[in-house]
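Structure file query.tsv (TSV, C-alpha atoms) is printed below.
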```tsv
chain	number	residue	atom	x	y	z
C	1	MET	CA	-9.41	-10.29	-18.46
C	2	LEU	CA	-10.03	-6.52	-18.21
C	3	SER	CA	-13.80	-6.96	-18.32
C	4	LYS	CA	-13.56	-9.51	-15.49
C	5	LEU	CA	-11.63	-7.01	-13.36
C	6	LEU	CA	-14.12	-4.27	-14.03
C	7	ARG	CA	-17.18	-6.42	-13.38
C	8	ALA	CA	-15.70	-7.58	-10.10
C	9	ASP	CA	-14.96	-3.98	-9.12
C	10	LEU	CA	-11.43	-4.97	-8.16
C	11	LEU	CA	-9.87	-1.60	-8.91
C	12	ARG	CA	-11.96	0.36	-6.42
C	13	PRO	CA	-10.17	1.03	-3.12
C	14	ASP	CA	-12.16	1.14	0.09
C	15	LEU	CA	-10.44	4.41	1.00
C	16	VAL	CA	-8.67	7.05	-1.10
C	17	THR	CA	-6.62	9.59	0.83
C	18	ALA	CA	-5.93	13.13	-0.29
C	19	GLY	CA	-2.36	12.85	0.97
C	20	THR	CA	0.44	10.41	1.61
C	21	LEU	CA	0.81	7.67	4.19
C	22	VAL	CA	1.46	10.24	6.92
C	23	ASP	CA	-2.05	11.61	6.33
C	24	LEU	CA	-3.70	8.20	6.77
C	25	SER	CA	-5.59	8.12	10.05
C	26	LEU	CA	-4.79	5.09	12.16
C	27	ASP	CA	-7.86	5.87	14.25
C	28	HIS	CA	-10.01	5.62	11.13
C	29	LEU	CA	-8.50	2.24	10.27
C	30	ALA	CA	-9.12	0.96	13.79
C	31	ASP	CA	-12.70	2.28	13.64
C	32	CYS	CA	-13.16	0.25	10.43
C	33	GLY	CA	-12.16	-2.90	12.31
C	34	ILE	CA	-8.67	-3.15	10.86
C	35	GLN	CA	-6.33	-5.29	12.96
C	36	ALA	CA	-3.19	-5.47	10.76
C	37	LEU	CA	-1.48	-3.51	7.99
C	38	VAL	CA	0.28	-4.68	4.85
C	39	LEU	CA	2.24	-1.78	3.41
C	40	ASP	CA	3.74	-1.32	-0.01
C	41	VAL	CA	7.22	0.19	0.25
C	42	ASP	CA	8.41	2.17	-2.78
C	43	ARG	CA	6.55	5.47	-3.06
C	44	THR	CA	4.27	4.44	-0.17
C	45	ILE	CA	6.57	4.65	2.86
C	46	LEU	CA	9.88	5.24	1.06
C	47	PRO	CA	10.30	7.98	-1.54
C	48	ARG	CA	11.60	7.00	-4.95
C	49	ARG	CA	15.39	6.73	-5.11
C	50	HIS	CA	15.76	7.58	-1.42
C	51	PRO	CA	17.24	5.11	1.06
C	52	GLN	CA	15.61	6.50	4.21
C	53	LEU	CA	12.13	7.22	5.40
C	54	PRO	CA	11.23	10.89	5.77
C	55	PRO	CA	10.90	11.82	9.48
C	56	LEU	CA	7.10	12.11	9.30
C	57	ALA	CA	6.84	8.65	7.70
C	58	GLU	CA	9.03	7.20	10.45
C	59	VAL	CA	6.79	8.72	13.14
C	60	TRP	CA	3.67	7.37	11.38
C	61	LEU	CA	5.21	3.90	11.02
C	62	ARG	CA	6.23	3.72	14.69
C	63	ASP	CA	2.72	4.73	15.72
C	64	ALA	CA	1.22	2.13	13.36
C	65	MET	CA	3.49	-0.56	14.82
C	66	ARG	CA	2.25	0.22	18.34
C	67	ARG	CA	-1.32	-0.34	17.21
C	68	PHE	CA	-1.17	-3.06	14.55
C	69	PRO	CA	0.98	-5.89	13.26
C	70	VAL	CA	2.69	-4.49	10.13
C	71	HIS	CA	4.18	-6.36	7.17
C	72	LEU	CA	6.04	-4.71	4.28
C	73	LEU	CA	5.16	-6.20	0.88
C	74	SER	CA	7.07	-4.98	-2.17
C	75	ASN	CA	7.39	-5.89	-5.82
C	76	ASN	CA	10.95	-4.56	-5.60
C	77	PRO	CA	13.40	-7.48	-5.79
C	78	SER	CA	16.08	-5.72	-3.73
C	79	ARG	CA	16.28	-7.39	-0.32
C	80	ARG	CA	18.92	-4.81	0.55
C	81	ARG	CA	16.64	-1.82	-0.13
C	82	ILE	CA	13.50	-3.24	1.48
C	83	GLY	CA	15.45	-4.84	4.32
C	84	ALA	CA	17.11	-1.49	5.07
C	85	VAL	CA	13.63	-0.13	5.78
C	86	ALA	CA	12.23	-3.15	7.61
C	87	GLU	CA	15.12	-4.36	9.75
C	88	PRO	CA	15.66	-1.24	11.91
C	89	PHE	CA	12.00	-1.51	12.91
C	90	GLY	CA	12.06	-5.29	13.30
C	91	LEU	CA	9.36	-5.63	10.64
C	92	PRO	CA	8.72	-8.71	8.56
C	93	TYR	CA	8.99	-8.05	4.85
C	94	THR	CA	8.53	-9.68	1.47
C	95	THR	CA	10.35	-8.71	-1.70
C	96	SER	CA	9.55	-9.71	-5.30
C	97	ALA	CA	5.88	-10.02	-4.34
C	98	SER	CA	4.66	-9.89	-7.96
C	99	LYS	CA	1.53	-7.92	-7.09
C	100	PRO	CA	-1.22	-8.11	-8.28
C	101	ARG	CA	-0.58	-11.85	-8.14
C	102	SER	CA	-1.80	-13.17	-4.84
C	103	GLY	CA	0.75	-15.80	-3.79
C	104	ALA	CA	3.02	-13.65	-1.63
C	105	LEU	CA	0.08	-11.79	-0.12
C	106	ARG	CA	-1.67	-15.07	0.71
C	107	GLN	CA	1.43	-16.17	2.60
C	108	VAL	CA	1.47	-12.92	4.60
C	109	LEU	CA	-2.22	-13.33	5.43
C	110	ALA	CA	-1.62	-16.90	6.61
C	111	GLU	CA	1.11	-15.63	8.94
C	112	LEU	CA	-1.17	-12.89	10.29
C	113	GLY	CA	-3.94	-15.40	10.95
C	114	LEU	CA	-6.69	-12.78	10.73
C	115	PRO	CA	-9.86	-12.62	8.65
C	116	HIS	CA	-8.93	-10.94	5.37
C	117	GLY	CA	-11.42	-8.12	5.91
C	118	ARG	CA	-9.53	-7.13	9.08
C	119	VAL	CA	-6.30	-6.51	7.15
C	120	ALA	CA	-5.62	-3.27	5.26
C	121	MET	CA	-3.47	-3.23	2.12
C	122	VAL	CA	-2.01	0.27	1.79
C	123	GLY	CA	-0.27	1.42	-1.37
C	124	ASP	CA	0.06	4.00	-4.08
C	125	ARG	CA	-0.94	1.92	-7.12
C	126	LEU	CA	-4.38	0.82	-8.31
C	127	PHE	CA	-3.15	-1.92	-10.64
C	128	THR	CA	-0.85	-3.60	-8.13
C	129	ASP	CA	-1.63	-2.75	-4.49
C	130	VAL	CA	-5.39	-2.17	-4.67
C	131	LEU	CA	-6.00	-4.94	-7.18
C	132	ALA	CA	-4.00	-7.47	-5.13
C	133	GLY	CA	-5.78	-6.52	-1.90
C	134	ASN	CA	-9.24	-6.54	-3.41
C	135	ARG	CA	-8.67	-9.94	-5.02
C	136	LEU	CA	-8.28	-11.38	-1.52
C	137	GLY	CA	-10.96	-9.35	0.25
C	138	LEU	CA	-8.69	-6.96	2.15
C	139	TYR	CA	-9.60	-3.41	3.09
C	140	THR	CA	-7.70	-1.42	0.46
C	141	VAL	CA	-6.28	2.08	0.82
C	142	LEU	CA	-4.93	4.17	-2.04
C	143	ILE	CA	-2.59	6.96	-0.98
C	144	LYS	CA	-0.64	9.57	-2.89
C	145	PRO	CA	2.95	8.63	-3.76
C	146	MET	CA	5.45	10.09	-1.30
C	147	GLY	CA	8.07	12.67	-2.24
C	148	ALA	CA	11.47	13.05	-0.59
C	149	ASP	CA	10.13	15.23	2.23
C	150	GLY	CA	7.10	13.04	2.96
C	151	SER	CA	4.65	15.26	1.10
C	152	PRO	CA	2.75	14.09	-1.99
C	153	CYS	CA	4.92	13.67	-5.06
C	154	HIS	CA	3.60	16.09	-7.65
C	155	GLN	CA	5.64	14.58	-10.48
C	156	ASP	CA	3.96	11.19	-10.35
C	157	ARG	CA	2.11	10.49	-13.55
C	158	LEU	CA	1.59	6.76	-13.20
C	159	GLN	CA	-1.04	6.95	-10.45
C	160	GLY	CA	-2.87	9.66	-12.36
C	161	LEU	CA	-2.88	7.51	-15.47
C	162	GLU	CA	-4.17	4.50	-13.52
C	163	ILE	CA	-6.99	6.57	-12.03
C	164	ARG	CA	-7.95	7.99	-15.45
C	165	LEU	CA	-7.99	4.48	-16.96
C	166	ALA	CA	-10.14	3.19	-14.12
C	167	ARG	CA	-12.58	6.09	-14.55
C	168	LEU	CA	-12.73	5.61	-18.31
C	169	ALA	CA	-13.66	2.00	-17.63
C	170	GLY	CA	-16.57	3.19	-15.48
C	171	MET	CA	-15.03	2.98	-12.02
C	172	ALA	CA	-16.13	5.63	-9.53
C	173	LEU	CA	-13.38	6.11	-6.96
C	174	ARG	CA	-14.56	6.94	-3.44
```
For the file at hand, write its structure as structure tokens.
Amino acid sequence: MLSKLLRADLLRPDLVTAGTLVDLSLDHLADCGIQALVLDVDRTILPRRHPQLPPLAEVWLRDAMRRFPVHLLSNNPSRRRIGAVAEPFGLPYTTSASKPRSGALRQVLAELGLPHGRVAMVGDRLFTDVLAGNRLGLYTVLIKPMGADGSPCHQDRLQGLEIRLARLAGMALR
């Protein structure tokens, strides 16, 4: 299974940002032909163990919503937690997505009705968000996990481990 993933280059995001979601340029996404966004929630737009978006993340999300259809897609099973983020913005959302499995993401893509290459999957994990998006031909974006104030979380070891594993396996991240 691992060799299949590596041969298919499924762990390589199309874009790796140096910062969090708030540093992701919506202009750049539009210039790449992106027409819709699928966003991971925990550690992507919502800091770990925090119930509210940091102010900068809220500003970024409102701007994104003016420019693109947005869907929140989370492996978190808590409809209460994910709904508390989505509902004030009127955003559609999916919980218990089981990324990197593709079923829930396929359903979102069917609802969006766009070519897969015109949809960006944005998240903080290689082995869930990027892998799920790449399996379906989405434009994938890897961002830094978000801390409580919206800045990159410097205590996150999981993303660093995923990146090291991908590099050890011969993946060159852009």
I want to know what sits within 12 Å of Thr94 of chain C, based on all atoms listed in the file, with residues of the same chain fewer than 2 positions away left out; could you give that as an NGL selection string? :C and (38-41 or 70-83 or 85-87 or 91-92 or 96-99 or 103-108)
Shell of 10 Å around segment 17-34 of chain C, only C-alpha atoms, local chain residues under 6 positions omitted, as a ChimeraX atom specification: /C:43-46,54-61,63-64,67-68,114-120,122-124,138-139,141-147,150-153,174
Just want the 12 Å neighbourhood of Arg101 of chain C, counted on only C-alpha atoms, with same-chain residues fewer than 6 positions away dropped. Output as a ChimeraX atom specification. /C:74-75,107,127-136
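Note that atom CA of Leu15 of chain C and atom CA of Gln52 of chain C are 26.3 Å apart.
A straight line drawn from atom CA of Pro88 of chain C to atom CA of Pro100 of chain C is 27.2 Å long.
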Between atom CA of Arg62 of chain C and atom CA of Gln159 of chain C, what distance in Å does the model show, to one decimal? 26.4 Å
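Across C:Leu112, C:Arg157, C:Asp149, C:Ser102, the tightest approach to His50 of chain C is made by C:Asp149 when counting only C-alpha atoms.
The smallest atom-to-atom distance between Leu161 of chain C and any of C:Thr95, C:Leu53, C:Asp42, C:Leu126, using all atoms listed in the file, is found for C:Leu126.
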Name the closest residue to Val16 of chain C among the candidates C:Ala148, C:Met121, C:Leu158, C:Gly113; distances are taken between atoms, counting all atoms listed in the file. C:Met121
Any chance you could model N, CA, C and O atoms for segment 94-111 of chain C and send them as an mmCIF file, in the coordinates of the input?
```
data_model
loop_
_atom_site.group_PDB
_atom_site.id
_atom_site.type_symbol
_atom_site.label_atom_id
_atom_site.label_comp_id
_atom_site.auth_asym_id
_atom_site.auth_seq_id
_atom_site.Cartn_x
_atom_site.Cartn_y
_atom_site.Cartn_z
ATOM 1 N N THR C 94 8.507 -8.804 2.637
ATOM 2 C CA THR C 94 8.530 -9.680 1.470
ATOM 3 C C THR C 94 8.949 -8.857 0.278
ATOM 4 O O THR C 94 8.383 -7.781 0.039
ATOM 5 N N THR C 95 9.934 -9.347 -0.459
ATOM 6 C CA THR C 95 10.350 -8.710 -1.700
ATOM 7 C C THR C 95 9.858 -9.552 -2.878
ATOM 8 O O THR C 95 9.393 -10.677 -2.694
ATOM 9 N N SER C 96 9.962 -9.004 -4.071
ATOM 10 C CA SER C 96 9.550 -9.710 -5.300
ATOM 11 C C SER C 96 8.151 -10.305 -5.160
ATOM 12 O O SER C 96 7.894 -11.449 -5.551
ATOM 13 N N ALA C 97 7.224 -9.526 -4.634
ATOM 14 C CA ALA C 97 5.880 -10.020 -4.340
ATOM 15 C C ALA C 97 5.032 -10.292 -5.580
ATOM 16 O O ALA C 97 4.039 -11.019 -5.505
ATOM 17 N N SER C 98 5.385 -9.697 -6.695
ATOM 18 C CA SER C 98 4.660 -9.890 -7.960
ATOM 19 C C SER C 98 3.190 -9.482 -7.884
ATOM 20 O O SER C 98 2.331 -10.127 -8.476
ATOM 21 N N LYS C 99 2.896 -8.430 -7.118
ATOM 22 C CA LYS C 99 1.530 -7.920 -7.090
ATOM 23 C C LYS C 99 1.161 -7.473 -8.511
ATOM 24 O O LYS C 99 1.996 -6.901 -9.185
ATOM 25 N N PRO C 100 -0.009 -7.732 -8.994
ATOM 26 C CA PRO C 100 -1.220 -8.110 -8.280
ATOM 27 C C PRO C 100 -1.420 -9.613 -8.093
ATOM 28 O O PRO C 100 -2.475 -10.023 -7.615
ATOM 29 N N ARG C 101 -0.446 -10.423 -8.453
ATOM 30 C CA ARG C 101 -0.580 -11.850 -8.140
ATOM 31 C C ARG C 101 -0.754 -12.004 -6.641
ATOM 32 O O ARG C 101 -0.266 -11.198 -5.869
ATOM 33 N N SER C 102 -1.400 -13.070 -6.246
ATOM 34 C CA SER C 102 -1.800 -13.170 -4.840
ATOM 35 C C SER C 102 -0.946 -14.092 -3.974
ATOM 36 O O SER C 102 -1.136 -14.134 -2.768
ATOM 37 N N GLY C 103 -0.003 -14.814 -4.554
ATOM 38 C CA GLY C 103 0.750 -15.800 -3.790
ATOM 39 C C GLY C 103 1.462 -15.259 -2.572
ATOM 40 O O GLY C 103 1.306 -15.775 -1.461
ATOM 41 N N ALA C 104 2.266 -14.218 -2.756
ATOM 42 C CA ALA C 104 3.020 -13.650 -1.630
ATOM 43 C C ALA C 104 2.081 -13.049 -0.590
ATOM 44 O O ALA C 104 2.296 -13.201 0.619
ATOM 45 N N LEU C 105 1.036 -12.392 -1.047
ATOM 46 C CA LEU C 105 0.080 -11.790 -0.120
ATOM 47 C C LEU C 105 -0.691 -12.869 0.653
ATOM 48 O O LEU C 105 -0.937 -12.714 1.849
ATOM 49 N N ARG C 106 -1.015 -13.959 0.007
ATOM 50 C CA ARG C 106 -1.670 -15.070 0.710
ATOM 51 C C ARG C 106 -0.790 -15.604 1.830
ATOM 52 O O ARG C 106 -1.273 -15.923 2.916
ATOM 53 N N GLN C 107 0.491 -15.687 1.580
ATOM 54 C CA GLN C 107 1.430 -16.170 2.600
ATOM 55 C C GLN C 107 1.464 -15.217 3.796
ATOM 56 O O GLN C 107 1.462 -15.651 4.950
ATOM 57 N N VAL C 108 1.486 -13.915 3.525
ATOM 58 C CA VAL C 108 1.470 -12.920 4.600
ATOM 59 C C VAL C 108 0.187 -13.052 5.417
ATOM 60 O O VAL C 108 0.211 -13.033 6.647
ATOM 61 N N LEU C 109 -0.932 -13.205 4.733
ATOM 62 C CA LEU C 109 -2.220 -13.330 5.430
ATOM 63 C C LEU C 109 -2.262 -14.586 6.292
ATOM 64 O O LEU C 109 -2.790 -14.554 7.408
ATOM 65 N N ALA C 110 -1.676 -15.668 5.810
ATOM 66 C CA ALA C 110 -1.620 -16.900 6.610
ATOM 67 C C ALA C 110 -0.815 -16.669 7.881
ATOM 68 O O ALA C 110 -1.189 -17.137 8.963
ATOM 69 N N GLU C 111 0.284 -15.932 7.768
ATOM 70 C CA GLU C 111 1.110 -15.630 8.940
ATOM 71 C C GLU C 111 0.370 -14.733 9.931
ATOM 72 O O GLU C 111 0.508 -14.892 11.136
#
```
